[in-house]
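Undergrad: Below are the structure tokens for one structure; questions will follow.
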Amino acid sequence: MSDLEERTFIAIKPDGVQRGLIGEVIKRFEQKGFKLVGMKMLQASQELLHNHYADLSTKGFFPSLIAYMSSGPVVAMVWEGKGVVKTGRVMLGATNPADSAPGTIRGDYCIHVGKNVIHGSDSVESAEQEISLWFQPSELVSYKSCAFNWLYE
């Protein structure tokens with residue numbers, strides 16, 4: 001995959017869905033110039049969440065994290081573009097909303113680290129792993145077959 005085709009996994013968490021922030025998140029990524037290549041709303045299973053957050057399974061907050069993430073629907077998305085992983089993390093803001101700058105998603109929309117609206121992959125490797133957990137390859141679109149040129153290509 002070329003640098004222009006880098007992909008990241010972004011999930012709007014149950015509190016973000018409940019608060020009606022889906023459109024705002026999509027708008028920010030689209031306005032930045034990234035391409036949405038996959039999206040679905042689902043109630044995440046315990047198994048999926050345990051796999052997704054396996055690296056946090058020894059932390060004391062793990063049970064409450066799983067309970068929170070399974071408390072309502074999430075919107076899982078795959079975004080594509082040059083530097084999308086790093087830029088996406090900057091757009092999200094710090095994990096702890098108190099440390100998030102105004103203008104970031106968390107800086108603008110949340111105040112509690114336990115309900116911080118959104119998840120984003122922290123590396124290209126974790127993005128690939130997370131995407132494969134949440135999406136089948138057939139659920140992702142490719143813009144390569146489109147008959148028009150993209151702005152940032």
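The chains in the structure tokens are called A, B, ... from first to last as shown; in each chain the residues are counted from 1, and the ligands are counted from 1 in the order shown.
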Write out, as CSV, each residue of segment 105-126 of chain A that has an atom at most 12 Å from segment 23-33 of chain A, together with the closest pair of atoms and their distance in Å to one decimal, counting only C-alpha atoms, rows going by chain and rising number.
TA:
residue,atom,partner,partner_atom,distance
A:Ile105,CA,A:Val25,CA,7.5
A:Arg106,CA,A:Val25,CA,10.6
A:Asp108,CA,A:Glu24,CA,10.9
A:Tyr109,CA,A:Glu24,CA,10.3
A:Val117,CA,A:Val25,CA,10.0
A:Ile118,CA,A:Val25,CA,8.9
A:His119,CA,A:Val25,CA,11.3
A:Gly120,CA,A:Val25,CA,11.7
Undergrad: Can you list, as a list in words, every residue of chain A that DSSP puts in strand (DSSP E or B)?
TA: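 So the strand (DSSP E or B) residues in chain A would be Arg7, Thr8, Phe9, Ile10, Ala11, Ile12, Lys35, Leu36, Val37, Gly38, Met39, Lys40, Met41, Leu42, Val74, Val75, Ala76, Met77, Val78, Trp79, Glu80, Pro102, Thr104, His112, Lys115, Ile118, His119 and Gly120 of chain A.
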Undergrad: Using DSSP on the backbone, list every residue of segment 49-98 of chain A that comes out as helix (DSSP H, G or I), and give them as a list in words.
TA: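 Selecting the helix (DSSP H, G or I) positions of segment 49-98 of chain A gives Leu49, His50, Asn51, His52, Ala54, Asp55, Leu56, Phe62, Pro63, Ser64, Leu65, Ile66, Ala67, Tyr68, Met69, Val84, Val85, Lys86, Thr87, Gly88, Arg89, Val90, Met91, Leu92, Pro97 and Ala98 of chain A.
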Undergrad: Write the residues you've just listed into a file as a compact mmCIF listing (two decimals), in the first residue's frame, and include N, CA and C atoms for each of them.
TA:
# COMPACT_ATOMS: atom_id res chain seq x y z
N LEU A 49 -14.72 -6.80 21.20
CA LEU A 49 -14.11 -5.80 22.08
C LEU A 49 -12.92 -6.37 22.85
N HIS A 50 -13.03 -7.62 23.31
CA HIS A 50 -11.90 -8.25 23.99
C HIS A 50 -10.70 -8.37 23.06
N ASN A 51 -10.94 -8.69 21.79
CA ASN A 51 -9.86 -8.77 20.81
C ASN A 51 -9.28 -7.39 20.51
N HIS A 52 -10.16 -6.41 20.34
CA HIS A 52 -9.72 -5.06 20.01
C HIS A 52 -8.87 -4.46 21.13
N ALA A 54 -7.27 -6.10 23.58
CA ALA A 54 -6.45 -7.15 24.22
C ALA A 54 -5.24 -6.58 24.94
N ASP A 55 -4.62 -5.54 24.39
CA ASP A 55 -3.43 -4.96 25.00
C ASP A 55 -3.73 -4.27 26.33
N LEU A 56 -4.99 -4.02 26.62
CA LEU A 56 -5.39 -3.37 27.88
C LEU A 56 -6.00 -4.34 28.87
N PHE A 62 -10.20 -2.29 32.52
CA PHE A 62 -10.62 -3.11 31.38
C PHE A 62 -12.09 -3.52 31.45
N PRO A 63 -12.59 -4.06 32.58
CA PRO A 63 -14.02 -4.45 32.61
C PRO A 63 -14.97 -3.28 32.35
N SER A 64 -14.66 -2.11 32.90
CA SER A 64 -15.55 -0.96 32.67
C SER A 64 -15.43 -0.46 31.23
N LEU A 65 -14.25 -0.59 30.62
CA LEU A 65 -14.08 -0.23 29.22
C LEU A 65 -14.94 -1.11 28.32
N ILE A 66 -14.93 -2.40 28.57
CA ILE A 66 -15.73 -3.33 27.77
C ILE A 66 -17.22 -3.06 27.98
N ALA A 67 -17.61 -2.81 29.23
CA ALA A 67 -19.02 -2.50 29.53
C ALA A 67 -19.46 -1.23 28.80
N TYR A 68 -18.63 -0.22 28.84
CA TYR A 68 -18.92 1.05 28.17
C TYR A 68 -19.02 0.86 26.66
N MET A 69 -18.06 0.19 26.07
CA MET A 69 -18.04 0.02 24.62
C MET A 69 -19.17 -0.88 24.10
N VAL A 84 -2.72 9.44 7.15
CA VAL A 84 -4.01 9.44 7.85
C VAL A 84 -3.92 8.95 9.29
N VAL A 85 -3.00 8.05 9.59
CA VAL A 85 -2.91 7.55 10.97
C VAL A 85 -2.45 8.67 11.91
N LYS A 86 -1.32 9.28 11.58
CA LYS A 86 -0.77 10.33 12.43
C LYS A 86 -1.70 11.55 12.47
N THR A 87 -2.16 11.98 11.31
CA THR A 87 -3.03 13.14 11.26
C THR A 87 -4.35 12.87 11.98
N GLY A 88 -4.88 11.66 11.81
CA GLY A 88 -6.11 11.31 12.50
C GLY A 88 -5.97 11.40 14.00
N ARG A 89 -4.84 10.94 14.53
CA ARG A 89 -4.61 11.02 15.98
C ARG A 89 -4.55 12.48 16.45
N VAL A 90 -3.94 13.34 15.65
CA VAL A 90 -3.89 14.75 16.00
C VAL A 90 -5.30 15.34 15.99
N MET A 91 -6.10 14.96 14.99
CA MET A 91 -7.47 15.46 14.90
C MET A 91 -8.32 15.02 16.09
N LEU A 92 -8.08 13.80 16.60
CA LEU A 92 -8.82 13.30 17.74
C LEU A 92 -8.49 14.05 19.01
N PRO A 97 -9.36 13.93 27.63
CA PRO A 97 -9.89 15.18 27.08
C PRO A 97 -9.36 16.43 27.77
N ALA A 98 -8.97 16.32 29.04
CA ALA A 98 -8.41 17.47 29.75
C ALA A 98 -7.10 17.93 29.12
Undergrad: Compile the contact shell of segment 6-14 of chain A as an MDAnalysis selection string: residues with an atom at most 8 Å away, counting only C-alpha atoms, same-chain residues fewer than 6 positions apart removed.
TA: chainID A and resid 22 68:85 88 115:121 124 127:128 130:131
Undergrad: Restricting the output to N, CA and C atoms, write the selected residues as a tab-separated table (two decimals), in the first residue's frame.
TA:
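What follows is the written file result_7.tsv:
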chain	number	residue	atom	x	y	z
A	22	ILE	N	-21.76	11.81	14.90
A	22	ILE	CA	-21.32	11.05	13.73
A	22	ILE	C	-21.02	11.98	12.55
A	68	TYR	N	-18.63	-0.22	28.84
A	68	TYR	CA	-18.92	1.05	28.17
A	68	TYR	C	-19.02	0.86	26.66
A	69	MET	N	-18.06	0.19	26.07
A	69	MET	CA	-18.04	0.02	24.62
A	69	MET	C	-19.17	-0.88	24.10
A	70	SER	N	-19.71	-1.71	24.97
A	70	SER	CA	-20.83	-2.57	24.56
A	70	SER	C	-22.18	-2.01	25.01
A	71	SER	N	-22.18	-0.80	25.55
A	71	SER	CA	-23.41	-0.21	26.10
A	71	SER	C	-24.33	0.37	25.03
A	72	GLY	N	-23.85	0.53	23.82
A	72	GLY	CA	-24.65	1.10	22.74
A	72	GLY	C	-23.94	0.93	21.43
A	73	PRO	N	-24.57	1.39	20.35
A	73	PRO	CA	-23.95	1.23	19.04
A	73	PRO	C	-22.69	2.07	18.89
A	74	VAL	N	-21.79	1.58	18.06
A	74	VAL	CA	-20.59	2.31	17.66
A	74	VAL	C	-20.61	2.45	16.14
A	75	VAL	N	-19.91	3.44	15.64
A	75	VAL	CA	-19.75	3.61	14.21
A	75	VAL	C	-18.29	3.35	13.89
A	76	ALA	N	-18.04	2.26	13.18
A	76	ALA	CA	-16.70	1.86	12.80
A	76	ALA	C	-16.42	2.36	11.39
A	77	MET	N	-15.26	2.97	11.21
A	77	MET	CA	-14.92	3.54	9.91
A	77	MET	C	-13.47	3.24	9.54
A	78	VAL	N	-13.22	3.20	8.25
A	78	VAL	CA	-11.87	3.12	7.72
A	78	VAL	C	-11.68	4.33	6.82
A	79	TRP	N	-10.63	5.08	7.11
A	79	TRP	CA	-10.29	6.27	6.33
A	79	TRP	C	-8.96	6.05	5.65
A	80	GLU	N	-8.80	6.63	4.48
A	80	GLU	CA	-7.61	6.44	3.66
A	80	GLU	C	-7.04	7.79	3.24
A	81	GLY	N	-5.72	7.86	3.19
A	81	GLY	CA	-5.06	9.06	2.69
A	81	GLY	C	-3.64	9.19	3.19
A	82	LYS	N	-2.94	10.14	2.67
A	82	LYS	CA	-1.55	10.37	3.03
A	82	LYS	C	-1.44	10.76	4.50
A	83	GLY	N	-0.70	9.98	5.27
A	83	GLY	CA	-0.48	10.27	6.69
A	83	GLY	C	-1.71	10.21	7.56
A	84	VAL	N	-2.72	9.44	7.15
A	84	VAL	CA	-4.01	9.44	7.85
A	84	VAL	C	-3.92	8.95	9.29
A	85	VAL	N	-3.00	8.05	9.59
A	85	VAL	CA	-2.91	7.55	10.97
A	85	VAL	C	-2.45	8.67	11.91
A	88	GLY	N	-4.88	11.66	11.81
A	88	GLY	CA	-6.11	11.31	12.50
A	88	GLY	C	-5.97	11.40	14.00
A	115	LYS	N	-15.24	8.37	28.87
A	115	LYS	CA	-16.22	8.52	27.79
A	115	LYS	C	-15.67	9.60	26.85
A	116	ASN	N	-14.70	9.18	26.04
A	116	ASN	CA	-13.98	10.17	25.24
A	116	ASN	C	-14.33	10.15	23.76
A	117	VAL	N	-15.55	9.75	23.43
A	117	VAL	CA	-16.20	9.95	22.14
A	117	VAL	C	-15.68	9.11	20.97
A	118	ILE	N	-14.36	8.91	20.89
A	118	ILE	CA	-13.80	8.38	19.64
A	118	ILE	C	-12.53	7.58	19.88
A	119	HIS	N	-12.29	6.62	19.00
A	119	HIS	CA	-11.06	5.84	19.01
A	119	HIS	C	-10.38	6.00	17.65
A	120	GLY	N	-9.06	6.05	17.66
A	120	GLY	CA	-8.30	6.07	16.42
A	120	GLY	C	-7.04	5.24	16.56
A	121	SER	N	-6.69	4.53	15.53
A	121	SER	CA	-5.48	3.71	15.53
A	121	SER	C	-4.26	4.58	15.85
A	124	VAL	N	0.35	2.52	11.99
A	124	VAL	CA	-0.07	1.84	10.77
A	124	VAL	C	-0.33	0.36	11.06
A	127	ALA	N	-3.52	-0.06	12.98
A	127	ALA	CA	-4.62	0.22	12.06
A	127	ALA	C	-4.95	-1.02	11.24
A	128	GLU	N	-3.92	-1.66	10.70
A	128	GLU	CA	-4.15	-2.86	9.89
A	128	GLU	C	-4.82	-3.95	10.72
A	130	GLU	N	-6.64	-3.56	13.55
A	130	GLU	CA	-7.99	-3.15	13.94
A	130	GLU	C	-8.96	-3.23	12.76
A	131	ILE	N	-8.52	-2.79	11.60
A	131	ILE	CA	-9.37	-2.87	10.41
A	131	ILE	C	-9.76	-4.32	10.14
Undergrad: With a distance cut-off of 9 Å and only C-alpha atoms, select the neighbouring residues of Glu139 of chain A, excluding the residue or stretch itself and same-chain residues fewer than 6 positions from it, and output the selection as a PyMOL selection string.
TA: chain A and resi 37-39
Undergrad: To one decimal in Å, tell me the separation between atom CA of Lys144 of chain A and atom CA of Glu5 of chain A.
TA: 9.9 Å
